[in-house]
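Coordinates from start_2.txt are shown below (compact mmCIF, C-alpha atoms).
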```txt
# COMPACT_ATOMS: atom_id res chain seq x y z
CA MET A 1 154.47 93.90 139.89
CA LYS A 2 155.43 94.31 143.52
CA ASP A 3 157.25 90.97 143.81
CA LEU A 4 158.62 88.54 141.28
CA TRP A 5 156.95 85.23 142.07
CA ILE A 6 160.02 83.27 141.00
CA GLU A 7 161.84 84.82 143.97
CA LYS A 8 158.88 85.15 146.32
CA TYR A 9 158.00 81.45 146.10
CA ARG A 10 161.50 80.04 145.67
CA PRO A 11 161.79 77.02 148.01
CA LYS A 12 163.70 77.85 151.20
CA VAL A 13 164.47 74.23 152.10
CA LEU A 14 165.11 71.13 150.02
CA ASP A 15 161.80 69.50 151.03
CA GLU A 16 159.93 72.28 149.20
CA VAL A 17 161.67 71.58 145.88
CA VAL A 18 159.29 69.96 143.37
CA GLY A 19 160.54 67.08 141.23
CA HIS A 20 164.12 65.73 141.28
CA THR A 21 163.34 63.51 144.30
CA ASP A 22 166.54 61.49 143.87
CA ILE A 23 168.71 64.62 143.73
CA VAL A 24 167.01 66.17 146.75
CA GLU A 25 167.58 63.01 148.81
CA ARG A 26 171.29 63.00 148.00
CA LEU A 27 171.63 66.69 148.89
CA LYS A 28 169.78 66.12 152.18
CA ALA A 29 172.33 63.40 152.99
CA TYR A 30 175.11 65.99 152.62
CA VAL A 31 173.25 68.28 155.02
CA GLY A 32 172.86 65.42 157.51
CA ASN A 33 176.60 64.67 157.36
CA ASN A 34 177.47 68.39 157.47
CA ASN A 35 179.92 67.74 154.66
CA MET A 36 179.90 67.68 150.86
CA PRO A 37 182.24 67.38 147.87
CA HIS A 38 182.45 69.90 145.06
CA LEU A 39 179.21 69.63 143.05
CA MET A 40 178.22 70.18 139.44
CA PHE A 41 174.58 70.84 138.51
CA ALA A 42 173.98 70.29 134.79
CA GLY A 43 170.74 70.67 132.88
CA PRO A 44 168.39 73.01 131.00
CA ALA A 45 167.34 76.43 132.28
CA GLY A 46 164.55 76.70 134.84
CA THR A 47 164.88 73.17 136.24
CA GLY A 48 165.92 74.05 139.81
CA LYS A 49 169.73 74.19 139.82
CA THR A 50 170.03 77.57 141.56
CA THR A 51 167.12 76.78 143.87
CA CYS A 52 168.74 73.54 145.06
CA ALA A 53 172.08 75.28 145.65
CA ILE A 54 170.51 78.04 147.78
CA ALA A 55 168.27 75.59 149.69
CA LEU A 56 171.31 73.38 150.38
CA ALA A 57 173.27 76.36 151.75
CA ARG A 58 170.31 77.54 153.87
CA GLN A 59 169.90 74.14 155.49
CA MET A 60 173.61 73.49 155.97
CA PHE A 61 174.59 76.90 157.40
CA LYS A 62 171.22 77.96 158.89
CA ASP A 63 171.40 81.60 160.12
CA ASP A 64 174.98 82.00 158.87
CA TRP A 65 174.20 80.98 155.30
CA GLY A 66 174.39 84.53 153.92
CA ASN A 67 177.97 84.95 155.17
CA ASN A 68 179.14 81.54 154.00
CA PHE A 69 177.53 81.46 150.56
CA GLN A 70 178.50 83.51 147.53
CA GLU A 71 176.72 83.39 144.19
CA LEU A 72 178.55 84.48 141.04
CA ASN A 73 177.44 84.46 137.42
CA ALA A 74 180.24 83.35 135.12
CA SER A 75 178.55 84.80 132.04
CA ASP A 76 179.00 88.31 133.49
CA GLN A 77 182.69 87.87 134.31
CA ARG A 78 184.04 84.96 132.32
CA GLY A 79 187.78 85.70 132.25
CA ILE A 80 190.66 84.52 134.38
CA ASP A 81 190.58 87.67 136.55
CA VAL A 82 187.33 86.69 138.26
CA VAL A 83 188.94 83.40 139.35
CA ARG A 84 192.19 85.02 140.50
CA LYS A 85 190.48 87.82 142.44
CA THR A 86 186.81 87.42 143.40
CA ILE A 87 186.69 83.64 143.74
CA LYS A 88 190.14 83.23 145.26
CA ASP A 89 189.61 86.00 147.84
CA PHE A 90 186.37 84.42 149.06
CA ALA A 91 187.71 80.85 148.97
CA ARG A 92 190.80 81.43 151.09
CA THR A 93 189.06 83.16 154.01
CA SER A 94 187.84 81.08 156.95
CA PRO A 95 184.14 80.18 157.23
CA LEU A 96 182.04 82.00 159.82
CA GLY A 97 179.83 80.70 162.60
CA GLY A 98 181.97 77.65 163.37
CA ASN A 99 181.19 76.00 160.03
CA GLN A 100 183.73 73.72 158.36
CA PHE A 101 183.63 75.39 154.96
CA LYS A 102 181.94 77.99 152.76
CA ILE A 103 180.19 77.51 149.41
CA ILE A 104 180.76 79.35 146.14
CA PHE A 105 177.93 78.87 143.66
CA LEU A 106 179.20 79.60 140.16
CA ASP A 107 176.23 79.93 137.80
CA GLU A 108 176.62 79.40 134.04
CA ALA A 109 180.10 77.97 134.60
CA ASP A 110 180.17 76.68 131.01
CA ALA A 111 180.64 80.33 129.94
CA LEU A 112 184.10 80.46 131.55
CA THR A 113 187.04 80.62 129.16
CA SER A 114 189.52 77.74 129.01
CA ASP A 115 192.15 79.77 130.91
CA ALA A 116 189.62 80.65 133.61
CA GLN A 117 188.63 76.98 133.99
CA ALA A 118 192.27 75.97 134.30
CA ALA A 119 192.75 78.57 137.07
CA LEU A 120 189.51 77.44 138.73
CA ARG A 121 190.74 73.85 138.75
CA ARG A 122 193.79 74.86 140.78
CA THR A 123 191.72 77.03 143.15
CA MET A 124 189.28 74.17 143.83
CA GLU A 125 192.21 71.92 144.68
CA LYS A 126 194.13 74.41 146.83
CA TYR A 127 191.26 75.74 148.97
CA SER A 128 189.12 72.61 149.36
CA GLY A 129 189.74 72.77 153.11
CA THR A 130 187.84 76.03 153.52
CA CYS A 131 185.54 76.18 150.49
CA ARG A 132 183.33 73.94 148.37
CA PHE A 133 182.21 74.80 144.85
CA ILE A 134 178.84 74.24 143.19
CA LEU A 135 179.12 74.73 139.44
CA SER A 136 175.92 75.20 137.47
CA CYS A 137 175.89 74.76 133.71
CA ASN A 138 173.59 74.01 130.80
CA TYR A 139 176.20 71.90 128.98
CA SER A 140 178.57 69.86 131.13
CA SER A 141 180.59 68.98 128.01
CA LYS A 142 181.92 72.56 128.01
CA ILE A 143 183.52 72.05 131.42
CA ILE A 144 187.06 70.65 131.25
CA ASP A 145 187.56 67.06 132.43
CA PRO A 146 189.86 67.91 135.39
CA ILE A 147 187.05 69.98 136.93
CA GLN A 148 184.38 67.36 136.22
CA SER A 149 186.49 64.66 137.87
CA ARG A 150 186.65 66.76 141.06
CA CYS A 151 182.86 67.12 141.28
CA ALA A 152 179.88 64.95 142.06
CA VAL A 153 177.69 65.54 139.00
CA PHE A 154 173.91 66.01 139.32
CA ARG A 155 171.93 66.06 136.09
CA PHE A 156 168.66 68.01 136.15
CA ARG A 157 165.95 67.17 133.62
CA PRO A 158 163.01 69.31 132.48
CA LEU A 159 160.30 69.09 135.10
CA LEU A 160 157.41 66.70 134.55
CA PRO A 161 153.93 68.16 133.92
CA ALA A 162 152.70 66.92 137.30
CA ASP A 163 155.54 68.75 139.11
CA VAL A 164 154.92 72.01 137.23
CA THR A 165 151.18 71.73 137.95
CA THR A 166 151.85 71.18 141.66
CA TYR A 167 154.02 74.30 141.86
CA ILE A 168 151.62 76.48 139.85
CA MET A 169 148.65 75.42 141.97
CA ARG A 170 150.67 76.22 145.11
CA ILE A 171 151.15 79.79 143.85
CA ALA A 172 147.54 80.09 142.66
CA LYS A 173 146.30 79.14 146.14
CA ALA A 174 148.65 81.56 147.88
CA GLU A 175 147.73 84.46 145.55
CA ASP A 176 144.02 83.54 145.42
CA ILE A 177 144.00 83.34 141.62
CA GLU A 178 141.71 81.08 139.60
CA ILE A 179 143.41 79.16 136.81
CA THR A 180 141.41 76.97 134.47
CA GLU A 181 142.37 73.47 133.36
CA ASP A 182 143.10 74.66 129.83
CA GLY A 183 145.14 77.50 131.36
CA ILE A 184 147.36 74.94 133.11
CA GLU A 185 147.69 72.94 129.88
CA ALA A 186 148.73 76.13 128.07
CA LEU A 187 151.36 76.87 130.73
CA LEU A 188 152.71 73.33 130.38
CA TYR A 189 152.91 73.73 126.60
CA VAL A 190 154.56 77.15 126.75
CA SER A 191 157.09 76.25 129.46
CA GLY A 192 158.20 72.86 128.17
CA GLY A 193 159.40 71.80 131.63
CA ASP A 194 160.98 75.18 132.46
CA LEU A 195 159.46 76.05 135.85
CA ARG A 196 160.89 79.58 135.85
CA LYS A 197 159.21 80.34 132.53
CA ALA A 198 155.92 78.80 133.69
CA THR A 199 155.97 80.94 136.85
CA ASN A 200 156.78 84.17 135.05
CA VAL A 201 154.13 83.61 132.35
CA PHE A 202 151.58 82.78 135.05
CA GLN A 203 152.39 86.02 136.91
CA VAL A 204 152.08 88.15 133.77
CA SER A 205 148.83 86.39 132.81
CA SER A 206 147.34 86.93 136.28
CA ALA A 207 147.88 90.68 135.97
CA LEU A 208 145.25 90.81 133.19
CA GLY A 209 142.44 89.46 135.33
CA SER A 210 141.49 87.27 138.28
CA LYS A 211 140.99 84.26 136.03
CA VAL A 212 143.79 82.76 133.95
CA ASP A 213 142.81 80.69 130.92
CA SER A 214 144.58 79.48 127.78
CA ASP A 215 143.73 82.61 125.74
CA ILE A 216 145.50 84.87 128.22
CA VAL A 217 148.48 82.52 128.55
CA TYR A 218 149.12 82.29 124.80
CA LYS A 219 148.74 86.04 124.31
CA THR A 220 151.02 87.08 127.17
CA SER A 221 153.70 84.54 126.22
CA SER A 222 153.63 85.45 122.51
CA THR A 223 152.99 81.82 121.65
CA GLY A 224 150.73 80.56 118.90
CA ARG A 225 148.00 78.12 119.81
CA PRO A 226 149.00 74.54 118.94
CA GLN A 227 145.72 74.19 117.05
CA ASP A 228 146.63 77.15 114.81
CA ILE A 229 150.08 75.76 114.05
CA ILE A 230 148.66 72.32 113.25
CA LYS A 231 145.91 73.85 111.11
CA MET A 232 148.48 75.79 109.07
CA MET A 233 150.49 72.63 108.38
CA GLU A 234 147.42 70.53 107.61
CA LEU A 235 146.18 73.11 105.09
CA ALA A 236 149.57 73.05 103.36
CA ILE A 237 149.74 69.24 103.31
CA SER A 238 146.27 69.02 101.75
CA GLY A 239 147.42 71.34 98.94
CA LYS A 240 145.64 74.50 100.15
CA PHE A 241 148.73 76.69 100.03
CA THR A 242 146.91 80.05 99.90
CA GLU A 243 144.85 79.24 102.99
CA SER A 244 147.90 78.01 104.90
CA ARG A 245 149.67 81.26 103.95
CA GLU A 246 146.75 83.24 105.41
CA GLN A 247 147.11 81.24 108.61
CA LEU A 248 150.82 82.12 108.66
CA ASP A 249 149.95 85.83 108.35
CA LYS A 250 147.68 85.49 111.37
CA LEU A 251 150.55 84.04 113.43
CA LEU A 252 153.04 86.66 112.28
CA ILE A 253 150.75 89.68 112.63
CA GLU A 254 148.16 88.91 115.33
CA TYR A 255 150.44 86.94 117.65
CA GLY A 256 153.62 88.81 116.69
CA LEU A 257 155.64 85.61 116.41
CA SER A 258 159.08 85.57 114.83
CA GLY A 259 160.07 83.14 112.12
CA GLU A 260 162.18 81.11 114.56
CA ASP A 261 159.25 80.89 117.01
CA ILE A 262 156.99 79.49 114.32
CA ILE A 263 159.58 76.96 113.12
CA ARG A 264 160.11 75.71 116.69
CA GLN A 265 156.38 75.33 117.23
CA MET A 266 155.98 73.55 113.90
CA HIS A 267 158.70 71.13 114.94
CA LYS A 268 156.99 70.62 118.29
CA ASN A 269 153.62 69.85 116.69
CA VAL A 270 154.63 67.95 113.54
CA PHE A 271 154.17 64.69 115.42
CA GLU A 272 150.47 65.52 115.84
CA LEU A 273 149.92 65.41 112.07
CA ASP A 274 148.05 62.47 110.60
CA ILE A 275 150.78 61.52 108.14
CA SER A 276 153.20 58.61 107.78
CA GLU A 277 156.39 58.37 109.83
CA TYR A 278 158.43 58.83 106.66
CA GLY A 279 156.51 62.04 105.94
CA LYS A 280 157.34 63.40 109.40
CA VAL A 281 161.00 62.60 108.79
CA GLN A 282 160.90 64.48 105.47
CA PHE A 283 159.24 67.53 107.02
CA ILE A 284 161.60 67.69 110.01
CA ASP A 285 164.57 67.48 107.66
CA LYS A 286 163.21 70.45 105.69
CA MET A 287 162.44 72.41 108.87
CA GLY A 288 166.06 72.09 109.95
CA GLU A 289 167.20 73.54 106.63
CA ILE A 290 164.73 76.45 106.82
CA GLU A 291 165.66 77.27 110.42
CA PHE A 292 169.34 77.41 109.44
CA ARG A 293 168.53 79.83 106.61
CA ILE A 294 166.54 82.09 108.96
CA ILE A 295 169.33 82.11 111.56
CA GLU A 296 171.82 82.99 108.84
CA GLY A 297 169.77 86.09 108.00
CA SER A 298 167.26 85.10 105.33
CA ASN A 299 163.80 86.70 105.31
CA SER A 300 161.71 84.62 107.72
CA ARG A 301 158.39 85.12 105.90
CA ILE A 302 159.81 84.00 102.56
CA GLN A 303 161.52 80.99 104.13
CA ILE A 304 158.42 79.78 106.00
CA GLU A 305 156.27 80.27 102.91
CA SER A 306 158.87 78.18 101.09
CA LEU A 307 158.43 75.49 103.74
CA LEU A 308 154.64 75.56 103.37
CA ALA A 309 155.05 75.36 99.59
CA HIS A 310 157.24 72.29 100.09
CA PHE A 311 154.50 70.77 102.27
CA SER A 312 151.93 71.48 99.56
CA LEU A 313 154.03 69.91 96.80
CA ILE A 314 154.81 66.62 98.52
CA GLY A 315 152.32 66.44 101.39
CA LYS A 316 149.55 64.39 99.77
CA GLN A 317 151.78 61.37 99.18
CA PHE A 318 152.36 61.07 102.94
CA GLN A 319 148.73 61.32 104.02
CA LYS A 320 147.27 58.15 105.54
```
Represent the structure from my file as structure tokens, please.
Amino acid sequence: MKDLWIEKYRPKVLDEVVGHTDIVERLKAYVGNNNMPHLMFAGPAGTGKTTCAIALARQMFKDDWGNNFQELNASDQRGIDVVRKTIKDFARTSPLGGNQFKIIFLDEADALTSDAQAALRRTMEKYSGTCRFILSCNYSSKIIDPIQSRCAVFRFRPLLPADVTTYIMRIAKAEDIEITEDGIEALLYVSGGDLRKATNVFQVSSALGSKVDSDIVYKTSSTGRPQDIIKMMELAISGKFTESREQLDKLLIEYGLSGEDIIRQMHKNVFELDISEYGKVQFIDKMGEIEFRIIEGSNSRIQIESLLAHFSLIGKQFQK
């Protein structure tokens, strides 16, 4: 692959960002005022936090944005030294190009240790005249309260299917690639609102041919078809344990799925089963127990077969 599409088609300005209309409007207001507070972007991976930070810096600093914007990943250097040296050295120098301040974008800030966060709190306070911070995190609860109170918090949600579709079709048009309707549905299922994942899976799928359909998407993403997952559970619920076990073998061997992958997909599709609400509650409760056992090191095949056996034993009483 000559270029990674996630970088090649990353929005350069805020108007190109898909979804998060309310957030984009607030960030554009900061650009219009040429001023901003410290910011915190919280939300799942692949929802546009880094993209919005870079687009904000590009629009605010224009040609000087590269000199006035520094991106750091806190998961790489999560100790107090990175705050005392790298961050502090950049924060205390004057901005270039006649700008009022510089921006430090600290990705995965929730990975910082408690001592590092305490040092960061003081740095944010001391150098606010020359530097603004944008903290990006998956879990804002892991950021200490003194830092949160100094920031305007923006919460990013998983992107809606319409927004993901818009972005994918934009790339498909630019790259002259045909993607079928079921191919888009497969990308939406695989990504779960993660635009970065959808883009990367689309790029890998397009390398196998000029036409991207659901078969290619599921194979390249190592994801089982929803129909196969549902079929496996339905066979177990109807008491056909041996046939459901054969379906499990197909998922493990042909698709190469791990036990955790299968459990997650079962959880995602259990609501499609034609059983009572109480039955779904019972099955989800059991899935949680099985997933815990797998994570703790139990054999995934044995544990999932145990789950299917449980479905077979009690499933019929929950059928409508």
If you measure from CA of Ala29 (chain A) to CA of Ile144 (chain A), what distance in Å do you get, rounded to one decimal?
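Separation of CA of Ala29 (chain A) and CA of Ile144 (chain A): 27.2 Å.
Closest approach to Asp213 (chain A) from the set A:Met169, A:Leu187, A:Cys151, A:Ala42 is made by A:Leu187, with distances taken over only C-alpha atoms.
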May I ask which of the residues A:Leu27, A:Ala207, A:Ala118, A:Ala198 is the closest one to Ala53 (chain A), counting only C-alpha atoms?
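Among A:Leu27, A:Ala207, A:Ala118, A:Ala198, it is A:Leu27 that comes nearest to Ala53 (chain A).
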Leaving out region 272-281 of chain A and any residue of its chain fewer than 4 positions from it, which residues lie within 10 Å of it when counting only C-alpha atoms, given as JSON, numbers by chain?
{"A": [226, 227, 230, 231, 233, 234, 237, 266, 267, 268, 285, 286, 287, 311, 314, 315, 316, 317, 318, 319, 320]}
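As for CA of Asn269 (chain A) and CA of Leu257 (chain A), they are spaced 15.9 Å apart.
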Out of A:Leu4, A:Ile184, A:Leu106, A:Met60, which residue has the shortest atom-to-atom distance to Lys28 (chain A) when counting all atoms listed in the file?
A:Met60
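Counting from CA of Arg122 (chain A), the distance to CA of Phe90 (chain A) is 14.7 Å.
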Contacts of Ser114 (chain A) at 12 Å (all atoms listed in the file; same-chain gap of 2+ positions) as a ChimeraX atom specification:
/A:78-80,83,109-112,116-121,142-147
Residues from the last selection, C-alpha atoms, saved as a PDB file, in the frame of the given file:
```pdb
ATOM      1  CA  ARG A  78     184.040  84.960 132.320  1.00  0.00           C
ATOM      2  CA  GLY A  79     187.780  85.700 132.250  1.00  0.00           C
ATOM      3  CA  ILE A  80     190.660  84.520 134.380  1.00  0.00           C
ATOM      4  CA  VAL A  83     188.940  83.400 139.350  1.00  0.00           C
ATOM      5  CA  ALA A 109     180.100  77.970 134.600  1.00  0.00           C
ATOM      6  CA  ASP A 110     180.170  76.680 131.010  1.00  0.00           C
ATOM      7  CA  ALA A 111     180.640  80.330 129.940  1.00  0.00           C
ATOM      8  CA  LEU A 112     184.100  80.460 131.550  1.00  0.00           C
ATOM      9  CA  ALA A 116     189.620  80.650 133.610  1.00  0.00           C
ATOM     10  CA  GLN A 117     188.630  76.980 133.990  1.00  0.00           C
ATOM     11  CA  ALA A 118     192.270  75.970 134.300  1.00  0.00           C
ATOM     12  CA  ALA A 119     192.750  78.570 137.070  1.00  0.00           C
ATOM     13  CA  LEU A 120     189.510  77.440 138.730  1.00  0.00           C
ATOM     14  CA  ARG A 121     190.740  73.850 138.750  1.00  0.00           C
ATOM     15  CA  LYS A 142     181.920  72.560 128.010  1.00  0.00           C
ATOM     16  CA  ILE A 143     183.520  72.050 131.420  1.00  0.00           C
ATOM     17  CA  ILE A 144     187.060  70.650 131.250  1.00  0.00           C
ATOM     18  CA  ASP A 145     187.560  67.060 132.430  1.00  0.00           C
ATOM     19  CA  PRO A 146     189.860  67.910 135.390  1.00  0.00           C
ATOM     20  CA  ILE A 147     187.050  69.980 136.930  1.00  0.00           C
TER      21      ILE A 147
END
```
Residue with the minimum atom-to-atom distance to Ile168 (chain A), picked from A:Ser94, A:Thr180, A:Gln282, A:Thr199 with only C-alpha atoms counted, is A:Thr199
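Checking A:Lys197, A:Arg157, A:Lys8, A:Lys102 one by one against Glu175 (chain A), counting only C-alpha atoms, you find the shortest gap at A:Lys8.
Closest to Leu308 (chain A) among A:Tyr255, A:Phe133, A:Phe101, A:Phe283 is A:Phe283, based on only C-alpha atoms.
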Go ahead and fit an axis-aligned box to every listed atom of region 162-168 of chain A plus 4 Å each side, and pass me the centre and edge lengths in Å, one decimal, as lines of an AutoDock Vina configuration file.
```
center_x = 153.4
center_y = 71.7
center_z = 139.5
size_x = 12.4
size_y = 17.6
size_z = 12.6
```
Which residues are near region 293-305 of chain A? Cut-off 12 Å, only C-alpha atoms, ignore same chain within fewer than 2 positions. Put them as a PyMOL selection string.
chain A and resi 232-233+236+241-249+251-253+257-264+266+286-291+307-312
Selection near Arg92 (chain A), 8 Å with all atoms listed in the file, sequence-local residues under 4 positions removed, as a ChimeraX atom specification
/A:88,127,130-131
Emit the selected residues as a CSV table (one decimal), in the frame of the given file, including C-alpha atoms.
```
chain,number,residue,atom,x,y,z
A,88,LYS,CA,190.1,83.2,145.3
A,127,TYR,CA,191.3,75.7,149.0
A,130,THR,CA,187.8,76.0,153.5
A,131,CYS,CA,185.5,76.2,150.5
```
Using all atoms listed in the file, give me every residue within 12 Å of (162.8, 79.4, 148.9) in file coordinates, as a PDB file with C-alpha atoms, in the frame of the given file.
```
ATOM      1  CA  TRP A   5     156.950  85.230 142.070  1.00  0.00           C
ATOM      2  CA  ILE A   6     160.020  83.270 141.000  1.00  0.00           C
ATOM      3  CA  GLU A   7     161.840  84.820 143.970  1.00  0.00           C
ATOM      4  CA  LYS A   8     158.880  85.150 146.320  1.00  0.00           C
ATOM      5  CA  TYR A   9     158.000  81.450 146.100  1.00  0.00           C
ATOM      6  CA  ARG A  10     161.500  80.040 145.670  1.00  0.00           C
ATOM      7  CA  PRO A  11     161.790  77.020 148.010  1.00  0.00           C
ATOM      8  CA  LYS A  12     163.700  77.850 151.200  1.00  0.00           C
ATOM      9  CA  VAL A  13     164.470  74.230 152.100  1.00  0.00           C
ATOM     10  CA  LEU A  14     165.110  71.130 150.020  1.00  0.00           C
ATOM     11  CA  ASP A  15     161.800  69.500 151.030  1.00  0.00           C
ATOM     12  CA  GLU A  16     159.930  72.280 149.200  1.00  0.00           C
ATOM     13  CA  VAL A  17     161.670  71.580 145.880  1.00  0.00           C
ATOM     14  CA  VAL A  18     159.290  69.960 143.370  1.00  0.00           C
ATOM     15  CA  GLY A  48     165.920  74.050 139.810  1.00  0.00           C
ATOM     16  CA  THR A  50     170.030  77.570 141.560  1.00  0.00           C
ATOM     17  CA  THR A  51     167.120  76.780 143.870  1.00  0.00           C
ATOM     18  CA  CYS A  52     168.740  73.540 145.060  1.00  0.00           C
ATOM     19  CA  ALA A  53     172.080  75.280 145.650  1.00  0.00           C
ATOM     20  CA  ILE A  54     170.510  78.040 147.780  1.00  0.00           C
ATOM     21  CA  ALA A  55     168.270  75.590 149.690  1.00  0.00           C
ATOM     22  CA  LEU A  56     171.310  73.380 150.380  1.00  0.00           C
ATOM     23  CA  ALA A  57     173.270  76.360 151.750  1.00  0.00           C
ATOM     24  CA  ARG A  58     170.310  77.540 153.870  1.00  0.00           C
ATOM     25  CA  GLN A  59     169.900  74.140 155.490  1.00  0.00           C
TER      26      GLN A  59
END
```
